[in-house]
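Encoded as structure tokens, the structure appears first; notes follow it.
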Amino acid sequence: MAPRCWRWGQWLVWPRTWPPPSRNTLTPAFYQRFSTQTTPQICVVGSGPAGFYTAQHLLKHHNQAQVDIYEKQLVPFGLVRFGVAPDHPEVKNVINTFTQTAHSERCAFRGNVAVGRDVTVSELREAYHAVVLSYGAEDHQALGIPGEELPGVCSARAFVGWYNGLPENQALAPDLSCDTAVILGQGNVALDVARILLTPPEHLEKTDITEAALGLLRQSQVKTVWIVGRRGPLQVAFTIKELREMIQLPGTRTILDPADFLGLQDRIKEVPRPRKRLSELLLRTAIEKLGPEEASRQASASRAWGLRFFRSPQQVLPSPDGQQAAGIRLAVTRLEGVGEATRAVPTGETEDLPCGLVLSSVGYKSLPIDPSVPFDPKLGVIPNTEGRVVDVPGLYCSGWVKRGPTGVIATTMTDSFLTSEVLLQDLKAGLLPSGPRPGYTAIQALLSSRGIRPVSFSDWEKLDAEEVSRGQGAGKPREKLVDSQEMLRLLGC
């Protein structure tokens, strides 16, 4: 976590404490001192797609609203920066839209502020007319099986953060000296991870992957990646774009068992068109005879990837000395039920799959942000009705913390617009505080008293320029800064 500093003659570094000091300042008189604004003061927590789309809609549909976006990282854009694969630069173009929003004179980015720790949600609610929680899903679903703690086992989320430059994941340094890796889960993140593991490093040199990650990938000995799922081909969660990229990956051949696709041709006739197209591509890849050119390409491939269906993880198997993952025991499953109710049940059979790296990609999950905010730990969401947090007037949520970690960026956009619309309806109906609120002026005073130095969007643009400059020499779009202390030094802290 980045150190906090503030300016009073000179920059000082203060240790973070919890609970933050000066709680006795939070009196009505304290806030009234700063309450000179007459426009709606709205706070958004989280600067990923949900946060920026929420802010964008509020600014567009209310010509007086002031929106402050708080972010615990020193840099904005959330999973667009830290989650989108480096070889998918087109997906990151949405950053241009977010930058336009941040440049609005009625919008301000407040980075390096951890809500729930540096400032409480209750304090934000006192300072703003409305608060929107859009902080996403920052944790991963645990496997809950023996051996999960062994070296050689990590979450796909941490692996993605590692190669994308998320500061908290830079110490990961995964051991890629093994021949085989197993990814548990069959969603887009699983395919992203498999693709990065198997892509020839020279094909990644002109992306924004971190130099440290690229260095380890150049030395990687991983030749085979298995992507394992509990259910069958009709239930995979990845999309056809990601599947096609894997099938066409240079220097790599695809391994599918035709037996897994028996009877699939008849079953896919009634499924929705996107699922049908995806299933047809899987089916063709599994059973059709290769043409001469493709057969030659696959024969010369030095790496391979495959999908293992109807398998559920039971245990990570240790090496003989117990110091490293050496394989995974899988329960063989069969399907029960139909449609969305289809579930995998164990048959009683098991099989062991040797590997030296296990990556868990069974889902992200949100965490509670503050004791004052209701949270459903089972579903991993904030209980809400159309984005209104249950039993907390003036508090809203959008994105994954509202609905769970599903969908793509466009899904989050729609969801965030809906929450923003509900907030604006409540504002118009007089359901939010009618008197003036101080907004950031009051919060800034609290943060200063706690030794916290927020980072502005202008600060981010300085870091952005530095990253672009560092990347130019290597022909990269940027070389990401991954050390929070270095970022602060560059900003004069």
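Letters A, B, ... mark the chains of the structure tokens in the order given; residue numbers begin at 1 per chain; ligand numbers begin at 1, in order shown.
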Identify, on the basis of only C-alpha atoms, every residue whose closest approach to region 268-279 of chain A does not exceed 8 Å; exclude the query and any residue fewer than 2 positions from it along the same chain; express the result as a list in words.
->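 Here the answer would be Pro233, Leu234, Thr239, Ile240, Leu264, Gln265, Asp266, Leu281, Leu282 and Leu283 of chain A.
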Out of region 15-192 of chain A, which residues get strand (DSSP E) from DSSP, as a PyMOL selection string?
-> chain A and resi 41-45+66-71+107-111+130-133+139-140+153-155+180-184
Residues of region 105-224 of chain A that have any atom at most 9 Å from an atom of region 367-372 of chain A: could you tabulate them with the shortest-distance atom pair and the distance in Å to one decimal, using only C-alpha atoms, ordered by chain and increasing number, as CSV?
residue,atom,partner,partner_atom,distance
A:Val115,CA,A:Ile369,CA,7.2
A:Gly116,CA,A:Asp370,CA,4.9
A:Arg117,CA,A:Asp370,CA,8.0
A:Thr120,CA,A:Asp370,CA,6.9
A:Val121,CA,A:Asp370,CA,6.6
A:Ser122,CA,A:Ser372,CA,7.0
A:Tyr135,CA,A:Ile369,CA,8.7
A:Gly136,CA,A:Leu367,CA,8.7
A:Ala137,CA,A:Leu367,CA,6.9
A:Glu138,CA,A:Leu367,CA,7.0
A:Asp139,CA,A:Leu367,CA,7.0
Could you write those residues out with N, CA and C atoms, as a CSV table (one decimal), in the first residue's frame?
chain,number,residue,atom,x,y,z
A,115,VAL,N,-11.1,4.2,0.8
A,115,VAL,CA,-12.4,4.4,1.6
A,115,VAL,C,-12.7,3.2,2.4
A,116,GLY,N,-13.1,3.4,3.7
A,116,GLY,CA,-13.3,2.4,4.6
A,116,GLY,C,-12.1,2.3,5.6
A,117,ARG,N,-11.0,2.9,5.2
A,117,ARG,CA,-9.8,2.9,6.0
A,117,ARG,C,-9.3,4.3,6.2
A,120,THR,N,-14.2,7.1,6.3
A,120,THR,CA,-15.3,6.1,6.3
A,120,THR,C,-16.4,6.5,5.4
A,121,VAL,N,-17.2,5.5,5.1
A,121,VAL,CA,-18.4,5.8,4.3
A,121,VAL,C,-19.3,6.7,5.0
A,122,SER,N,-19.4,6.6,6.3
A,122,SER,CA,-20.3,7.5,7.1
A,122,SER,C,-19.8,9.0,6.9
A,135,TYR,N,-16.8,-0.1,-6.3
A,135,TYR,CA,-15.4,-0.5,-6.1
A,135,TYR,C,-15.1,-1.9,-6.6
A,136,GLY,N,-16.0,-2.5,-7.3
A,136,GLY,CA,-15.7,-3.8,-8.0
A,136,GLY,C,-15.5,-5.0,-7.1
A,137,ALA,N,-14.8,-5.9,-7.6
A,137,ALA,CA,-14.5,-7.2,-6.9
A,137,ALA,C,-13.0,-7.4,-6.8
A,138,GLU,N,-12.4,-7.1,-5.7
A,138,GLU,CA,-11.0,-7.1,-5.5
A,138,GLU,C,-10.4,-8.4,-5.0
A,139,ASP,N,-11.2,-9.4,-4.8
A,139,ASP,CA,-10.7,-10.7,-4.3
A,139,ASP,C,-11.1,-11.8,-5.2
Could you name the residues that touch Gly48 (chain A) at 12 Å or less, counting only C-alpha atoms, but leaving out those on the same chain fewer than 4 positions away, as a PyMOL selection string?
-> chain A and resi 44+52-55+69-73+75-84+92+94-95+98-99+109+111+133-138+398-401+409+412-413+416
So what do you get for CA of Gly475 (chain A) versus CA of Asn164 (chain A), distance-wise?
->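 Distance between the two atoms: 17.3 Å.
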Which residue out of A:Pro201, A:Gly185, A:Gly471, A:Gly46 has the minimum interatomic distance to Ser220 (chain A) when only C-alpha atoms are used?
->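 Nearest candidate to Ser220 (chain A) out of A:Pro201, A:Gly185, A:Gly471, A:Gly46: A:Pro201.
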Quick one: contact table of region 136-237 of chain A to region 252-256 of chain A, 9 Å max, nearest atom pair and distance in Å to one decimal per residue, counting only C-alpha atoms, chain and number order, as CSV?
residue,atom,partner,partner_atom,distance
A:Leu198,CA,A:Thr252,CA,7.4
A:Thr199,CA,A:Thr252,CA,8.3
A:Lys223,CA,A:Thr252,CA,9.0
A:Trp226,CA,A:Ile255,CA,9.0
Keeping only all heavy atoms, take the residues you just selected and write them out as a PDB file, in the first residue's frame.
ATOM      1  N   LEU A 198       1.142 -19.095 -23.209  1.00  0.00           N
ATOM      2  CA  LEU A 198       1.562 -19.824 -24.399  1.00  0.00           C
ATOM      3  C   LEU A 198       1.952 -18.937 -25.580  1.00  0.00           C
ATOM      4  O   LEU A 198       2.538 -19.418 -26.552  1.00  0.00           O
ATOM      5  CB  LEU A 198       0.446 -20.782 -24.841  1.00  0.00           C
ATOM      6  CG  LEU A 198       0.123 -21.924 -23.861  1.00  0.00           C
ATOM      7  CD1 LEU A 198      -1.082 -22.711 -24.346  1.00  0.00           C
ATOM      8  CD2 LEU A 198       1.327 -22.841 -23.688  1.00  0.00           C
ATOM      9  N   THR A 199       1.629 -17.670 -25.528  1.00  0.00           N
ATOM     10  CA  THR A 199       1.983 -16.776 -26.631  1.00  0.00           C
ATOM     11  C   THR A 199       3.502 -16.624 -26.725  1.00  0.00           C
ATOM     12  O   THR A 199       4.163 -16.393 -25.705  1.00  0.00           O
ATOM     13  CB  THR A 199       1.348 -15.383 -26.425  1.00  0.00           C
ATOM     14  OG1 THR A 199      -0.074 -15.509 -26.506  1.00  0.00           O
ATOM     15  CG2 THR A 199       1.812 -14.403 -27.494  1.00  0.00           C
ATOM     16  N   LYS A 223       4.848 -25.775 -21.518  1.00  0.00           N
ATOM     17  CA  LYS A 223       4.558 -26.208 -22.891  1.00  0.00           C
ATOM     18  C   LYS A 223       3.095 -26.622 -23.088  1.00  0.00           C
ATOM     19  O   LYS A 223       2.595 -26.624 -24.213  1.00  0.00           O
ATOM     20  CB  LYS A 223       5.455 -27.396 -23.266  1.00  0.00           C
ATOM     21  CG  LYS A 223       6.953 -27.123 -23.149  1.00  0.00           C
ATOM     22  CD  LYS A 223       7.388 -25.998 -24.076  1.00  0.00           C
ATOM     23  CE  LYS A 223       8.893 -25.754 -23.984  1.00  0.00           C
ATOM     24  NZ  LYS A 223       9.302 -24.571 -24.749  1.00  0.00           N
ATOM     25  N   TRP A 226      -3.726 -26.996 -19.490  1.00  0.00           N
ATOM     26  CA  TRP A 226      -5.061 -27.605 -19.441  1.00  0.00           C
ATOM     27  C   TRP A 226      -6.024 -26.638 -18.758  1.00  0.00           C
ATOM     28  O   TRP A 226      -5.717 -26.093 -17.698  1.00  0.00           O
ATOM     29  CB  TRP A 226      -5.046 -28.928 -18.685  1.00  0.00           C
ATOM     30  CG  TRP A 226      -4.307 -30.024 -19.377  1.00  0.00           C
ATOM     31  CD1 TRP A 226      -3.101 -30.552 -19.057  1.00  0.00           C
ATOM     32  CD2 TRP A 226      -4.771 -30.743 -20.536  1.00  0.00           C
ATOM     33  NE1 TRP A 226      -2.751 -31.540 -19.938  1.00  0.00           N
ATOM     34  CE2 TRP A 226      -3.766 -31.687 -20.862  1.00  0.00           C
ATOM     35  CE3 TRP A 226      -5.908 -30.682 -21.328  1.00  0.00           C
ATOM     36  CZ2 TRP A 226      -3.879 -32.555 -21.934  1.00  0.00           C
ATOM     37  CZ3 TRP A 226      -6.021 -31.548 -22.404  1.00  0.00           C
ATOM     38  CH2 TRP A 226      -5.028 -32.466 -22.699  1.00  0.00           C
TER      39      TRP A 226
END
Atomic distance CA of Val113 (chain A) - CA of Leu59 (chain A), expressed in Å with one decimal |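 Taking CA of Val113 (chain A) as the start and CA of Leu59 (chain A) as the end point, the length is 22.2 Å.
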Looking only at the backbone, which of the residues in region 173-257 of chain A does DSSP tag as helix (DSSP H, G or I), as a VMD selection string?
-> chain A and resid 188 to 198 201 to 203 211 to 218 233 to 235 240 to 247
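Ranking A:Pro433, A:Pro49, A:Gly439, A:Gly187 by their shortest atom-to-atom distance to Thr101 (chain A), with only C-alpha atoms included, puts A:Pro49 first.
Using only C-alpha atoms, the contacts of region 339-343 of chain A at a cut-off of 9 Å, with sequence neighbours closer than 4 positions omitted, comprise Arg230, Arg231, Gln235, Arg334 and Leu335 of chain A.
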Please save N, CA and C atoms of the selected residues as a compact mmCIF listing (two decimals), in the first residue's frame.
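Final output, saved to selection-v7.txt:
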# COMPACT_ATOMS: atom_id res chain seq x y z
N ARG A 230 -15.98 -28.00 -14.49
CA ARG A 230 -16.82 -29.01 -13.85
C ARG A 230 -17.89 -29.56 -14.80
N ARG A 231 -18.32 -28.72 -15.73
CA ARG A 231 -19.42 -29.12 -16.60
C ARG A 231 -18.92 -29.35 -18.03
N GLN A 235 -21.64 -25.47 -21.36
CA GLN A 235 -21.68 -24.60 -20.18
C GLN A 235 -20.44 -23.72 -20.04
N ARG A 334 -20.64 -35.84 -13.84
CA ARG A 334 -21.66 -35.97 -14.88
C ARG A 334 -22.69 -34.88 -14.64
N LEU A 335 -23.49 -34.61 -15.65
CA LEU A 335 -24.45 -33.51 -15.54
C LEU A 335 -25.83 -34.02 -15.15
Closest of A:Ala213, A:Leu490, A:Cys355, A:Val422 to Ala173 (chain A), counting only C-alpha atoms, is A:Ala213
Point-to-point distance in Å for CA of Glu105 (chain A) and CA of Asn63 (chain A) |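 Value for the CA of Asn63 (chain A)-CA of Glu105 (chain A) distance: 11.2 Å.
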From the list A:Cys154, A:Ile196, A:Leu488, A:Ala142, the nearest residue to Tyr364 (chain A) using only C-alpha atoms is A:Ala142
Best match for closeness to Gly161 (chain A) among A:His140, A:Glu466, A:Thr347, A:Ala259, counting only C-alpha atoms =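 Smallest distance to Gly161 (chain A) is found for A:His140.
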Counting only C-alpha atoms, closest pick from A:Gln100, A:Ser469, A:Ser420, A:Ser456 relative to Leu74 (chain A) is A:Ser456
Do a neighbour search on Leu249 (chain A) at 12 Å with only C-alpha atoms, toss out local chain neighbours closer than 6 positions, and write the hits as an mmCIF file with N, CA and C atoms, in the first residue's frame.
data_model
loop_
_atom_site.group_PDB
_atom_site.id
_atom_site.type_symbol
_atom_site.label_atom_id
_atom_site.label_comp_id
_atom_site.auth_asym_id
_atom_site.auth_seq_id
_atom_site.Cartn_x
_atom_site.Cartn_y
_atom_site.Cartn_z
ATOM 1 N N LEU A 191 -8.955 -18.174 -20.234
ATOM 2 C CA LEU A 191 -8.371 -18.187 -21.573
ATOM 3 C C LEU A 191 -7.332 -17.077 -21.738
ATOM 4 N N ASP A 192 -7.558 -15.932 -21.104
ATOM 5 C CA ASP A 192 -6.542 -14.869 -21.127
ATOM 6 C C ASP A 192 -5.230 -15.370 -20.538
ATOM 7 N N ALA A 194 -4.206 -18.492 -20.100
ATOM 8 C CA ALA A 194 -3.622 -19.536 -20.945
ATOM 9 C C ALA A 194 -2.927 -18.922 -22.162
ATOM 10 N N ARG A 195 -3.559 -17.925 -22.750
ATOM 11 C CA ARG A 195 -2.987 -17.289 -23.950
ATOM 12 C C ARG A 195 -1.675 -16.578 -23.619
ATOM 13 N N ILE A 196 -1.627 -15.879 -22.486
ATOM 14 C CA ILE A 196 -0.394 -15.197 -22.093
ATOM 15 C C ILE A 196 0.710 -16.214 -21.810
ATOM 16 N N LEU A 197 0.368 -17.333 -21.177
ATOM 17 C CA LEU A 197 1.367 -18.366 -20.884
ATOM 18 C C LEU A 197 1.956 -18.980 -22.149
ATOM 19 N N LEU A 198 1.142 -19.095 -23.209
ATOM 20 C CA LEU A 198 1.562 -19.824 -24.399
ATOM 21 C C LEU A 198 1.952 -18.937 -25.580
ATOM 22 N N THR A 199 1.629 -17.670 -25.528
ATOM 23 C CA THR A 199 1.983 -16.776 -26.631
ATOM 24 C C THR A 199 3.502 -16.624 -26.725
ATOM 25 N N PRO A 200 4.083 -16.752 -27.899
ATOM 26 C CA PRO A 200 5.513 -16.488 -28.033
ATOM 27 C C PRO A 200 5.849 -15.108 -27.489
ATOM 28 N N HIS A 203 5.752 -11.869 -29.406
ATOM 29 C CA HIS A 203 4.465 -11.305 -29.803
ATOM 30 C C HIS A 203 3.905 -10.374 -28.733
ATOM 31 N N GLU A 242 -12.457 -15.099 -27.610
ATOM 32 C CA GLU A 242 -11.337 -15.649 -26.861
ATOM 33 C C GLU A 242 -11.022 -17.065 -27.308
ATOM 34 N N LEU A 243 -12.041 -17.855 -27.617
ATOM 35 C CA LEU A 243 -11.812 -19.220 -28.097
ATOM 36 C C LEU A 243 -11.083 -19.198 -29.441
ATOM 37 N N GLU A 294 -3.376 -26.689 -41.953
ATOM 38 C CA GLU A 294 -3.567 -26.648 -40.505
ATOM 39 C C GLU A 294 -2.909 -27.845 -39.836
ATOM 40 N N ARG A 297 0.675 -27.073 -39.557
ATOM 41 C CA ARG A 297 0.926 -26.078 -38.515
ATOM 42 C C ARG A 297 0.900 -26.711 -37.132
ATOM 43 N N GLN A 298 -0.104 -27.550 -36.889
ATOM 44 C CA GLN A 298 -0.230 -28.170 -35.569
ATOM 45 C C GLN A 298 0.874 -29.196 -35.325
ATOM 46 N N ALA A 301 3.865 -27.489 -34.007
ATOM 47 C CA ALA A 301 3.673 -26.676 -32.803
ATOM 48 C C ALA A 301 4.465 -27.247 -31.632
ATOM 49 N N SER A 302 5.113 -26.372 -30.899
ATOM 50 C CA SER A 302 5.906 -26.816 -29.746
ATOM 51 C C SER A 302 5.124 -26.720 -28.448
ATOM 52 N N ARG A 303 3.949 -26.097 -28.496
ATOM 53 C CA ARG A 303 3.129 -25.935 -27.302
ATOM 54 C C ARG A 303 1.712 -26.409 -27.580
ATOM 55 N N ALA A 304 0.975 -26.677 -26.500
ATOM 56 C CA ALA A 304 -0.389 -27.188 -26.671
ATOM 57 C C ALA A 304 -1.275 -26.682 -25.536
ATOM 58 N N TRP A 305 -2.548 -26.600 -25.834
ATOM 59 C CA TRP A 305 -3.530 -26.290 -24.796
ATOM 60 C C TRP A 305 -4.756 -27.162 -25.037
#
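For Ala331 (chain A), the list of residues within 9 Å, based on only C-alpha atoms and with local chain neighbours fewer than 4 positions off taken out, reads Arg230, Phe310, Arg311, Ser312, Pro313, Gln314, Pro346, Thr347, Gly348, Glu349, Thr350, Glu351 and Asp352 of chain A.
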Would you mind exporting N, CA and C atoms of the selected residues as a short mmCIF file (atom, residue, chain, number, x, y, z; two decimals), in the first residue's frame?
data_model
loop_
_atom_site.label_atom_id
_atom_site.label_comp_id
_atom_site.auth_asym_id
_atom_site.auth_seq_id
_atom_site.Cartn_x
_atom_site.Cartn_y
_atom_site.Cartn_z
N ARG A 230 -15.98 -28.00 -14.49
CA ARG A 230 -16.82 -29.01 -13.85
C ARG A 230 -17.89 -29.56 -14.80
N PHE A 310 -16.00 -31.96 -17.48
CA PHE A 310 -16.54 -32.92 -16.50
C PHE A 310 -15.49 -33.31 -15.47
N ARG A 311 -14.77 -32.30 -14.95
CA ARG A 311 -13.75 -32.54 -13.94
C ARG A 311 -13.84 -31.44 -12.89
N SER A 312 -13.81 -31.84 -11.61
CA SER A 312 -13.90 -30.89 -10.52
C SER A 312 -12.71 -31.08 -9.58
N PRO A 313 -12.02 -30.02 -9.19
CA PRO A 313 -10.82 -30.17 -8.35
C PRO A 313 -11.16 -30.70 -6.96
N GLN A 314 -10.37 -31.68 -6.52
CA GLN A 314 -10.55 -32.26 -5.19
C GLN A 314 -9.38 -31.95 -4.27
N PRO A 346 -20.52 -35.56 -8.79
CA PRO A 346 -19.41 -36.52 -8.91
C PRO A 346 -19.89 -37.93 -9.21
N THR A 347 -19.11 -38.64 -10.00
CA THR A 347 -19.44 -40.04 -10.33
C THR A 347 -18.79 -41.01 -9.36
N GLY A 348 -17.87 -40.53 -8.56
CA GLY A 348 -17.11 -41.40 -7.67
C GLY A 348 -15.73 -41.72 -8.20
N GLU A 349 -15.49 -41.45 -9.48
CA GLU A 349 -14.17 -41.67 -10.07
C GLU A 349 -13.30 -40.43 -9.90
N THR A 350 -12.01 -40.66 -9.86
CA THR A 350 -11.06 -39.55 -9.82
C THR A 350 -9.93 -39.80 -10.79
N GLU A 351 -9.21 -38.74 -11.14
CA GLU A 351 -8.00 -38.88 -11.93
C GLU A 351 -7.00 -37.83 -11.49
N ASP A 352 -5.74 -38.16 -11.58
CA ASP A 352 -4.67 -37.25 -11.20
C ASP A 352 -4.02 -36.67 -12.45
#
